[in-house]
Amino acid sequence: MTRSFTGRIVIQFAVLITVTVGLVLAAGGWLLSREALNGLDLLNRAEYTEIHDRLGSLPKSPSPADVDRRIRAHTEIDSALYFFQVRDSSGAPIFRSTNLGTSVLPSLPGGLTGWTGELQGVGAVRISEFRDGPLLVQIASPMQPVRWLLNDYSRVSLYLLAGVALASTGLGWAFARLTLRPVRSIHATANRIRADNLGERIPVPAGRDELAALVGLLNRMFDRLEGSFVQAKRFTADASHELKTPLTYLRLNVEKLRREWAEDPAATAAIEDILEELDRLGRIIESLLFLAKAEGGTLVLTKTQVQADAFVRDCAEDALALAEDREARFTVLRADPGMVRCEPTLIRQLLVNLATNALRVSPDGSVVTLESVMSDGRWQLIVSDPGPGLPPAELERVFERFQRYGPTSGKAAPESGAGLGLAICRSIVTLHGGTIRAENRAGVGGLRVIADLPSS
């Protein structure tokens with residue numbers, strides 16, 4: 001979910017709410033701790049008031065016995081709640097409550113009136129000091145109840161934080177779904193606008209906010225795209241007519257000349273060359289028109305279900321004929337059974353182009369192979385040749401237009417073809433939602449071209 005925009009919004013919303021609540025709870029814990037300490041200081045002061053009343057008026061230098069006689073009974077009664085200690089004017093302890101045992105309350109540093117610390121045998125206490133004439137009265141309250149309170153607060157806070165995290169995730173998901181509903185509508189509509197459905201537009205939402213402006217911008221962009229597609233389609237149709245018609249007339253006239261000059265061997269040879277070049281020019285025009293349609297998005301596939309193994313073996317018949325003309329051999333090494341969904345005419349053209357390219361660079365008497373592999377919902381067509389292969393830098397460029405290579409790796413060969421066969425192969429594979437790549441065969445030499453197509 002984190003890879004989607006909705007997922008990121010949900011996580012960011014949940015983190016923001018959880019962190020905010022966490023900070024509030026932490027601040028509440030800090031305030032609770034301060035208030036608890038202030039409460040202990042107030043209790044210590046209230047207890048000192050009672051001690052002060054019992055001490056009454058003492059001599060200027062009271063004895064330990066005088067102090068003990070006046071407050072001992074009271075300290076025993078409150079021994080469950082407080083620890084008591086009295087120091088004389090010199091700072092020496094002259095009275096300690098029984099519950100202190102052997103522990104001594106320390107003097108507070110720096111003139112503090114309240115201090116929290118640990119006493120051996122007693123534990124954590126909050127100590128308050130009060131000057132009473134020549135005496136220094138120290139009263140300490142146990143910190144254990146406060147720590148229990150803070151621990152309970154921390155535990156409850158963690159439960160609340162976990163609940164807030166879960167609740168904010170759910171609320172964030174609902175909020176993101178509601179907020180991004182117009183965006184999903186835009187995505188769905190934009191996804192339906194293809195070469196065969198260029199007239200549809202995204203509904204403009206009510207209001208004049210940023211979303212409405214974005215929809216308007218996208219609709220204007222689709223208007224421009226539709227215009228471009230229409231122009232490309234019109235150009236393709238016009239080019240098909242305007243280029244093919246003169247070639248047809250030219251061929252007819254050359255055919256007339258061949259009949260008239262049938263007795264002249266030199267003229268007949270020249271005319272045959274012209275007819276061959278006209279055929280080649282026609283094939284180039286057909287290839288360029290196909291590429292224009294495929295890359296312009298105006299070529300719509302009509303896919304059907306075919307039996308892969310039977311289809312591949314049938315296509316191999318055409319490659320066998322090509323191999324015989326070039327004094328080479330073509331064989332199908334593997335033809336896995338299974339149903340595939342494709343445009344049969346284009347896939348046949350793909351295989352013929354791959355075979356033609358492989359045979360063109362293969363030595364006489366060599367073997368070109370074809371493998372049809374079905375695996376994990378994919379259909380791989382692999383054509384391998386024993387030719388010289390290609391430099392690594394050319395393995396990707398070989399699928400570009402007008403890239404021509406002869407029997408020697410990496411050297412251009414104008415006589416080897418127009419250089420459009422593999423470009424057409426890439427367009428056919430792309431139209432089917434697949435990929436195509438070339439790689440040099442390790443160890444044995446030659447080139448392997450792999451077309452990877454979805455089987456459905």
# chains A, B, ... in the order shown; residues from 1 in each chain; ligands from 1

$ closest_atom_pairs --of "segment 110-204 of chain A" --to "segment 17-22 of chain A" --cutoff "9 Å" --atoms "only C-alpha atoms" --output "tab-separated table"
residue	atom	partner	partner_atom	distance
A:Ser157	CA	A:Gly22	CA	8.1
A:Leu158	CA	A:Gly22	CA	8.6
A:Leu160	CA	A:Val21	CA	8.8
A:Leu161	CA	A:Gly22	CA	6.5
A:Ala162	CA	A:Thr18	CA	8.3
A:Val164	CA	A:Thr18	CA	6.1
A:Ala165	CA	A:Thr18	CA	5.4
A:Ser168	CA	A:Ile17	CA	6.6

$ write_last_selection --atoms "C-alpha atoms" --output "short mmCIF file (atom, residue, chain, number, x, y, z; two decimals), in the first residue's frame"
data_model
loop_
_atom_site.label_atom_id
_atom_site.label_comp_id
_atom_site.auth_asym_id
_atom_site.auth_seq_id
_atom_site.Cartn_x
_atom_site.Cartn_y
_atom_site.Cartn_z
CA SER A 157 -1.17 6.29 27.35
CA LEU A 158 0.42 3.46 25.38
CA LEU A 160 -4.49 5.05 23.89
CA LEU A 161 -1.62 5.65 21.47
CA ALA A 162 -2.06 2.21 19.91
CA VAL A 164 -5.25 6.21 18.08
CA ALA A 165 -2.78 4.70 15.57
CA SER A 168 -6.22 7.19 12.53
#

$ residues_around --residues "Ile347 of chain A" --least-positions-apart "3" --cutoff "10 Å" --atoms "only C-alpha atoms" --output "MDAnalysis selection string"
chainID A and resid 311:312 315 342:344 350:353 381 425 428:429 432

$ residues_around --residues "Val367 of chain A" --least-positions-apart "4" --cutoff "9 Å" --atoms "only C-alpha atoms" --output "PDB file with C-alpha atoms, in the first residue's frame"
ATOM      1  CA  ALA A 323      16.433 -20.915 -45.811  1.00  0.00           C
ATOM      2  CA  ALA A 328      20.912 -22.682 -45.125  1.00  0.00           C
ATOM      3  CA  ARG A 329      18.692 -24.677 -42.799  1.00  0.00           C
ATOM      4  CA  PHE A 330      15.934 -23.630 -40.438  1.00  0.00           C
ATOM      5  CA  THR A 331      14.645 -25.880 -37.670  1.00  0.00           C
ATOM      6  CA  LEU A 359      19.449 -16.127 -42.308  1.00  0.00           C
ATOM      7  CA  SER A 362      24.385 -16.766 -41.293  1.00  0.00           C
ATOM      8  CA  PRO A 363      27.044 -18.582 -43.357  1.00  0.00           C
ATOM      9  CA  SER A 384      19.177 -18.043 -32.803  1.00  0.00           C
ATOM     10  CA  ASP A 385      21.718 -17.777 -35.617  1.00  0.00           C
ATOM     11  CA  PRO A 386      25.360 -18.869 -35.967  1.00  0.00           C
TER      12      PRO A 386
END

$ select_by_dssp --residues "segment 190-219 of chain A" --states "alpha helix (DSSP H)" --output "ChimeraX atom specification"
/A:190-192,210-219

$ closest_residue --among "A:Gly110, A:Pro265, A:Gly163, A:Pro145" --to "Gly123 of chain A" --atoms "only C-alpha atoms"
A:Pro145

$ atom_distance --atom1 "atom CA of Leu390 of chain A" --atom2 "atom CA of Ile450 of chain A"
14.8 Å

$ residues_around --residues "Ser33 of chain A" --least-positions-apart "2" --cutoff "9 Å" --atoms "only C-alpha atoms" --output "PyMOL selection string"
chain A and resi 28-31+35-38+146-147+149-150

$ closest_residue --among "A:Leu431, A:Leu16, A:Ile271, A:Ala213" --to "Gly172 of chain A" --atoms "only C-alpha atoms"
A:Leu16

$ atom_distance --atom1 "atom CA of Ser185 of chain A" --atom2 "atom CA of Gly434 of chain A"
27.9 Å

$ closest_residue --among "A:Ser128, A:Thr6, A:Ser372, A:Gln305" --to "Leu108 of chain A" --atoms "only C-alpha atoms"
A:Ser128

$ select_by_dssp --residues "segment 52-201 of chain A" --states "strand (DSSP E)" --output "PDB file with N, CA and C atoms, in the first residue's frame"
ATOM      1  N   PHE A  83       8.205  10.498  56.725  1.00  0.00           N
ATOM      2  CA  PHE A  83       9.443  10.307  57.472  1.00  0.00           C
ATOM      3  C   PHE A  83       9.817  11.672  58.051  1.00  0.00           C
ATOM      4  N   PHE A  84      10.302  11.673  59.332  1.00  0.00           N
ATOM      5  CA  PHE A  84      10.569  12.925  60.025  1.00  0.00           C
ATOM      6  C   PHE A  84      12.020  12.952  60.494  1.00  0.00           C
ATOM      7  N   GLN A  85      12.596  14.158  60.426  1.00  0.00           N
ATOM      8  CA  GLN A  85      13.942  14.364  60.960  1.00  0.00           C
ATOM      9  C   GLN A  85      14.063  15.828  61.329  1.00  0.00           C
ATOM     10  N   VAL A  86      14.718  16.083  62.526  1.00  0.00           N
ATOM     11  CA  VAL A  86      14.924  17.458  63.003  1.00  0.00           C
ATOM     12  C   VAL A  86      16.405  17.658  63.239  1.00  0.00           C
ATOM     13  N   ARG A  87      16.961  18.744  62.721  1.00  0.00           N
ATOM     14  CA  ARG A  87      18.356  19.103  62.933  1.00  0.00           C
ATOM     15  C   ARG A  87      18.436  20.354  63.808  1.00  0.00           C
ATOM     16  N   PRO A  93      21.580  16.008  63.342  1.00  0.00           N
ATOM     17  CA  PRO A  93      20.252  15.443  63.602  1.00  0.00           C
ATOM     18  C   PRO A  93      20.058  15.198  65.099  1.00  0.00           C
ATOM     19  N   ILE A  94      18.944  15.729  65.664  1.00  0.00           N
ATOM     20  CA  ILE A  94      18.639  15.491  67.069  1.00  0.00           C
ATOM     21  C   ILE A  94      17.352  14.684  67.222  1.00  0.00           C
ATOM     22  N   PHE A  95      16.668  14.435  66.096  1.00  0.00           N
ATOM     23  CA  PHE A  95      15.471  13.604  66.156  1.00  0.00           C
ATOM     24  C   PHE A  95      15.263  12.955  64.788  1.00  0.00           C
ATOM     25  N   ARG A  96      14.933  11.649  64.783  1.00  0.00           N
ATOM     26  CA  ARG A  96      14.576  10.916  63.572  1.00  0.00           C
ATOM     27  C   ARG A  96      13.422   9.998  63.893  1.00  0.00           C
ATOM     28  N   GLY A 114      12.576  21.711  48.341  1.00  0.00           N
ATOM     29  CA  GLY A 114      12.049  20.407  47.968  1.00  0.00           C
ATOM     30  C   GLY A 114      13.029  19.667  47.089  1.00  0.00           C
ATOM     31  N   TRP A 115      13.152  18.324  47.330  1.00  0.00           N
ATOM     32  CA  TRP A 115      14.144  17.544  46.581  1.00  0.00           C
ATOM     33  C   TRP A 115      13.700  16.094  46.569  1.00  0.00           C
ATOM     34  N   THR A 116      13.929  15.430  45.425  1.00  0.00           N
ATOM     35  CA  THR A 116      13.571  14.030  45.285  1.00  0.00           C
ATOM     36  C   THR A 116      14.832  13.202  45.163  1.00  0.00           C
ATOM     37  N   GLY A 117      14.897  12.115  45.928  1.00  0.00           N
ATOM     38  CA  GLY A 117      16.071  11.268  45.870  1.00  0.00           C
ATOM     39  C   GLY A 117      15.792   9.886  46.407  1.00  0.00           C
ATOM     40  N   GLU A 118      16.827   9.044  46.341  1.00  0.00           N
ATOM     41  CA  GLU A 118      16.743   7.671  46.822  1.00  0.00           C
ATOM     42  C   GLU A 118      17.473   7.552  48.156  1.00  0.00           C
ATOM     43  N   LEU A 119      16.814   6.888  49.152  1.00  0.00           N
ATOM     44  CA  LEU A 119      17.424   6.595  50.441  1.00  0.00           C
ATOM     45  C   LEU A 119      17.558   5.095  50.595  1.00  0.00           C
ATOM     46  N   GLY A 123      13.925   3.934  50.048  1.00  0.00           N
ATOM     47  CA  GLY A 123      13.459   4.085  48.687  1.00  0.00           C
ATOM     48  C   GLY A 123      13.387   5.533  48.267  1.00  0.00           C
ATOM     49  N   ALA A 124      12.634   5.794  47.195  1.00  0.00           N
ATOM     50  CA  ALA A 124      12.518   7.157  46.685  1.00  0.00           C
ATOM     51  C   ALA A 124      11.595   7.972  47.577  1.00  0.00           C
ATOM     52  N   VAL A 125      12.026   9.196  47.905  1.00  0.00           N
ATOM     53  CA  VAL A 125      11.232  10.084  48.765  1.00  0.00           C
ATOM     54  C   VAL A 125      11.287  11.496  48.210  1.00  0.00           C
ATOM     55  N   ARG A 126      10.269  12.269  48.629  1.00  0.00           N
ATOM     56  CA  ARG A 126      10.234  13.705  48.339  1.00  0.00           C
ATOM     57  C   ARG A 126      10.454  14.427  49.661  1.00  0.00           C
ATOM     58  N   ILE A 127      11.578  15.132  49.760  1.00  0.00           N
ATOM     59  CA  ILE A 127      11.983  15.764  51.023  1.00  0.00           C
ATOM     60  C   ILE A 127      11.681  17.255  50.954  1.00  0.00           C
ATOM     61  N   SER A 128      11.090  17.775  52.069  1.00  0.00           N
ATOM     62  CA  SER A 128      10.841  19.218  52.224  1.00  0.00           C
ATOM     63  C   SER A 128      11.489  19.676  53.525  1.00  0.00           C
ATOM     64  N   GLU A 129      12.043  20.870  53.512  1.00  0.00           N
ATOM     65  CA  GLU A 129      12.696  21.437  54.701  1.00  0.00           C
ATOM     66  C   GLU A 129      11.970  22.709  55.138  1.00  0.00           C
ATOM     67  N   PHE A 130      11.874  22.858  56.477  1.00  0.00           N
ATOM     68  CA  PHE A 130      11.192  24.029  57.048  1.00  0.00           C
ATOM     69  C   PHE A 130      12.004  24.529  58.240  1.00  0.00           C
ATOM     70  N   ARG A 131      12.326  25.811  58.258  1.00  0.00           N
ATOM     71  CA  ARG A 131      13.063  26.409  59.368  1.00  0.00           C
ATOM     72  C   ARG A 131      12.076  26.783  60.468  1.00  0.00           C
ATOM     73  N   ASP A 132      12.316  26.264  61.645  1.00  0.00           N
ATOM     74  CA  ASP A 132      11.458  26.535  62.804  1.00  0.00           C
ATOM     75  C   ASP A 132      12.352  26.999  63.954  1.00  0.00           C
ATOM     76  N   LEU A 135      15.652  25.275  64.871  1.00  0.00           N
ATOM     77  CA  LEU A 135      15.557  23.912  64.340  1.00  0.00           C
ATOM     78  C   LEU A 135      15.284  23.912  62.833  1.00  0.00           C
ATOM     79  N   LEU A 136      15.730  22.836  62.199  1.00  0.00           N
ATOM     80  CA  LEU A 136      15.425  22.598  60.779  1.00  0.00           C
ATOM     81  C   LEU A 136      14.617  21.304  60.714  1.00  0.00           C
ATOM     82  N   VAL A 137      13.348  21.430  60.374  1.00  0.00           N
ATOM     83  CA  VAL A 137      12.445  20.284  60.319  1.00  0.00           C
ATOM     84  C   VAL A 137      12.441  19.737  58.889  1.00  0.00           C
ATOM     85  N   GLN A 138      12.726  18.450  58.748  1.00  0.00           N
ATOM     86  CA  GLN A 138      12.717  17.762  57.446  1.00  0.00           C
ATOM     87  C   GLN A 138      11.602  16.715  57.439  1.00  0.00           C
ATOM     88  N   ILE A 139      10.747  16.815  56.422  1.00  0.00           N
ATOM     89  CA  ILE A 139       9.651  15.862  56.282  1.00  0.00           C
ATOM     90  C   ILE A 139       9.734  15.266  54.870  1.00  0.00           C
ATOM     91  N   ALA A 140       9.668  13.942  54.811  1.00  0.00           N
ATOM     92  CA  ALA A 140       9.777  13.244  53.523  1.00  0.00           C
ATOM     93  C   ALA A 140       8.550  12.367  53.305  1.00  0.00           C
ATOM     94  N   SER A 141       8.041  12.376  52.048  1.00  0.00           N
ATOM     95  CA  SER A 141       6.913  11.523  51.669  1.00  0.00           C
ATOM     96  C   SER A 141       7.395  10.468  50.690  1.00  0.00           C
ATOM     97  N   PRO A 142       6.938   9.224  50.793  1.00  0.00           N
ATOM     98  CA  PRO A 142       7.350   8.195  49.833  1.00  0.00           C
ATOM     99  C   PRO A 142       6.895   8.553  48.414  1.00  0.00           C
TER     100      PRO A 142
END

$ decode --residues "segment 46-79 of chain A" --atoms "N, CA and C atoms" --output "PDB file, in the first residue's frame"
ATOM      1  N   ALA A  46       1.642  20.755  55.032  1.00  0.00           N
ATOM      2  CA  ALA A  46       0.532  20.594  55.992  1.00  0.00           C
ATOM      3  C   ALA A  46       0.985  19.778  57.201  1.00  0.00           C
ATOM      4  N   GLU A  47       1.808  18.771  56.976  1.00  0.00           N
ATOM      5  CA  GLU A  47       2.314  17.972  58.092  1.00  0.00           C
ATOM      6  C   GLU A  47       3.245  18.798  58.977  1.00  0.00           C
ATOM      7  N   TYR A  48       4.047  19.668  58.366  1.00  0.00           N
ATOM      8  CA  TYR A  48       4.923  20.534  59.145  1.00  0.00           C
ATOM      9  C   TYR A  48       4.109  21.458  60.046  1.00  0.00           C
ATOM     10  N   THR A  49       2.957  21.923  59.559  1.00  0.00           N
ATOM     11  CA  THR A  49       2.116  22.796  60.387  1.00  0.00           C
ATOM     12  C   THR A  49       1.749  22.097  61.697  1.00  0.00           C
ATOM     13  N   GLU A  50       1.411  20.824  61.595  1.00  0.00           N
ATOM     14  CA  GLU A  50       1.077  20.083  62.820  1.00  0.00           C
ATOM     15  C   GLU A  50       2.313  19.922  63.710  1.00  0.00           C
ATOM     16  N   ILE A  51       3.461  19.646  63.101  1.00  0.00           N
ATOM     17  CA  ILE A  51       4.693  19.525  63.890  1.00  0.00           C
ATOM     18  C   ILE A  51       5.014  20.848  64.579  1.00  0.00           C
ATOM     19  N   HIS A  52       4.859  21.926  63.853  1.00  0.00           N
ATOM     20  CA  HIS A  52       5.137  23.254  64.415  1.00  0.00           C
ATOM     21  C   HIS A  52       4.231  23.528  65.612  1.00  0.00           C
ATOM     22  N   ASP A  53       2.969  23.165  65.501  1.00  0.00           N
ATOM     23  CA  ASP A  53       2.047  23.384  66.616  1.00  0.00           C
ATOM     24  C   ASP A  53       2.479  22.574  67.841  1.00  0.00           C
ATOM     25  N   ARG A  54       3.002  21.374  67.633  1.00  0.00           N
ATOM     26  CA  ARG A  54       3.396  20.532  68.762  1.00  0.00           C
ATOM     27  C   ARG A  54       4.736  20.968  69.353  1.00  0.00           C
ATOM     28  N   LEU A  55       5.592  21.532  68.556  1.00  0.00           N
ATOM     29  CA  LEU A  55       6.845  22.025  69.111  1.00  0.00           C
ATOM     30  C   LEU A  55       6.615  23.229  69.992  1.00  0.00           C
ATOM     31  N   GLY A  56       5.624  24.067  69.636  1.00  0.00           N
ATOM     32  CA  GLY A  56       5.310  25.229  70.459  1.00  0.00           C
ATOM     33  C   GLY A  56       6.528  26.121  70.631  1.00  0.00           C
ATOM     34  N   SER A  57       6.641  26.735  71.799  1.00  0.00           N
ATOM     35  CA  SER A  57       7.782  27.611  72.096  1.00  0.00           C
ATOM     36  C   SER A  57       8.840  26.786  72.807  1.00  0.00           C
ATOM     37  N   LEU A  58       9.969  26.652  72.191  1.00  0.00           N
ATOM     38  CA  LEU A  58      11.084  25.891  72.732  1.00  0.00           C
ATOM     39  C   LEU A  58      12.177  26.837  73.218  1.00  0.00           C
ATOM     40  N   PRO A  59      13.052  26.329  74.085  1.00  0.00           N
ATOM     41  CA  PRO A  59      14.188  27.170  74.493  1.00  0.00           C
ATOM     42  C   PRO A  59      15.060  27.511  73.282  1.00  0.00           C
ATOM     43  N   LYS A  60      15.950  28.456  73.488  1.00  0.00           N
ATOM     44  CA  LYS A  60      16.804  28.908  72.406  1.00  0.00           C
ATOM     45  C   LYS A  60      17.672  27.760  71.886  1.00  0.00           C
ATOM     46  N   SER A  61      18.080  26.899  72.788  1.00  0.00           N
ATOM     47  CA  SER A  61      18.857  25.717  72.393  1.00  0.00           C
ATOM     48  C   SER A  61      18.142  24.494  72.945  1.00  0.00           C
ATOM     49  N   PRO A  62      17.079  24.015  72.265  1.00  0.00           N
ATOM     50  CA  PRO A  62      16.296  22.888  72.783  1.00  0.00           C
ATOM     51  C   PRO A  62      17.130  21.593  72.762  1.00  0.00           C
ATOM     52  N   SER A  63      16.837  20.758  73.717  1.00  0.00           N
ATOM     53  CA  SER A  63      17.541  19.482  73.806  1.00  0.00           C
ATOM     54  C   SER A  63      16.809  18.453  72.951  1.00  0.00           C
ATOM     55  N   PRO A  64      17.530  17.374  72.586  1.00  0.00           N
ATOM     56  CA  PRO A  64      16.871  16.322  71.829  1.00  0.00           C
ATOM     57  C   PRO A  64      15.693  15.724  72.589  1.00  0.00           C
ATOM     58  N   ALA A  65      15.798  15.670  73.909  1.00  0.00           N
ATOM     59  CA  ALA A  65      14.709  15.098  74.707  1.00  0.00           C
ATOM     60  C   ALA A  65      13.458  15.950  74.619  1.00  0.00           C
ATOM     61  N   ASP A  66      13.623  17.276  74.594  1.00  0.00           N
ATOM     62  CA  ASP A  66      12.455  18.161  74.472  1.00  0.00           C
ATOM     63  C   ASP A  66      11.742  17.931  73.125  1.00  0.00           C
ATOM     64  N   VAL A  67      12.515  17.848  72.064  1.00  0.00           N
ATOM     65  CA  VAL A  67      11.918  17.647  70.742  1.00  0.00           C
ATOM     66  C   VAL A  67      11.246  16.286  70.678  1.00  0.00           C
ATOM     67  N   ASP A  68      11.936  15.270  71.215  1.00  0.00           N
ATOM     68  CA  ASP A  68      11.390  13.913  71.161  1.00  0.00           C
ATOM     69  C   ASP A  68      10.087  13.828  71.935  1.00  0.00           C
ATOM     70  N   ARG A  69      10.031  14.457  73.107  1.00  0.00           N
ATOM     71  CA  ARG A  69       8.830  14.390  73.941  1.00  0.00           C
ATOM     72  C   ARG A  69       7.633  15.056  73.267  1.00  0.00           C
ATOM     73  N   ARG A  70       7.869  16.059  72.512  1.00  0.00           N
ATOM     74  CA  ARG A  70       6.748  16.810  71.935  1.00  0.00           C
ATOM     75  C   ARG A  70       6.206  16.186  70.632  1.00  0.00           C
ATOM     76  N   ILE A  71       7.047  15.605  69.803  1.00  0.00           N
ATOM     77  CA  ILE A  71       6.553  15.169  68.487  1.00  0.00           C
ATOM     78  C   ILE A  71       6.637  13.667  68.263  1.00  0.00           C
ATOM     79  N   ARG A  72       7.239  12.881  69.163  1.00  0.00           N
ATOM     80  CA  ARG A  72       7.408  11.457  68.932  1.00  0.00           C
ATOM     81  C   ARG A  72       6.073  10.758  68.703  1.00  0.00           C
ATOM     82  N   ALA A  73       5.124  11.041  69.536  1.00  0.00           N
ATOM     83  CA  ALA A  73       3.839  10.345  69.423  1.00  0.00           C
ATOM     84  C   ALA A  73       3.168  10.645  68.069  1.00  0.00           C
ATOM     85  N   HIS A  74       3.265  11.892  67.672  1.00  0.00           N
ATOM     86  CA  HIS A  74       2.630  12.266  66.397  1.00  0.00           C
ATOM     87  C   HIS A  74       3.328  11.590  65.217  1.00  0.00           C
ATOM     88  N   THR A  75       4.643  11.543  65.252  1.00  0.00           N
ATOM     89  CA  THR A  75       5.357  10.910  64.137  1.00  0.00           C
ATOM     90  C   THR A  75       5.073   9.420  64.056  1.00  0.00           C
ATOM     91  N   GLU A  76       4.839   8.790  65.191  1.00  0.00           N
ATOM     92  CA  GLU A  76       4.510   7.376  65.160  1.00  0.00           C
ATOM     93  C   GLU A  76       3.145   7.151  64.510  1.00  0.00           C
ATOM     94  N   ILE A  77       2.210   8.076  64.796  1.00  0.00           N
ATOM     95  CA  ILE A  77       0.873   7.940  64.197  1.00  0.00           C
ATOM     96  C   ILE A  77       0.941   8.084  62.673  1.00  0.00           C
ATOM     97  N   ASP A  78       1.754   9.009  62.172  1.00  0.00           N
ATOM     98  CA  ASP A  78       1.827   9.282  60.718  1.00  0.00           C
ATOM     99  C   ASP A  78       3.012   8.577  60.056  1.00  0.00           C
ATOM    100  N   SER A  79       3.537   7.558  60.705  1.00  0.00           N
ATOM    101  CA  SER A  79       4.735   6.903  60.169  1.00  0.00           C
ATOM    102  C   SER A  79       4.471   6.174  58.840  1.00  0.00           C
TER     103      SER A  79
END
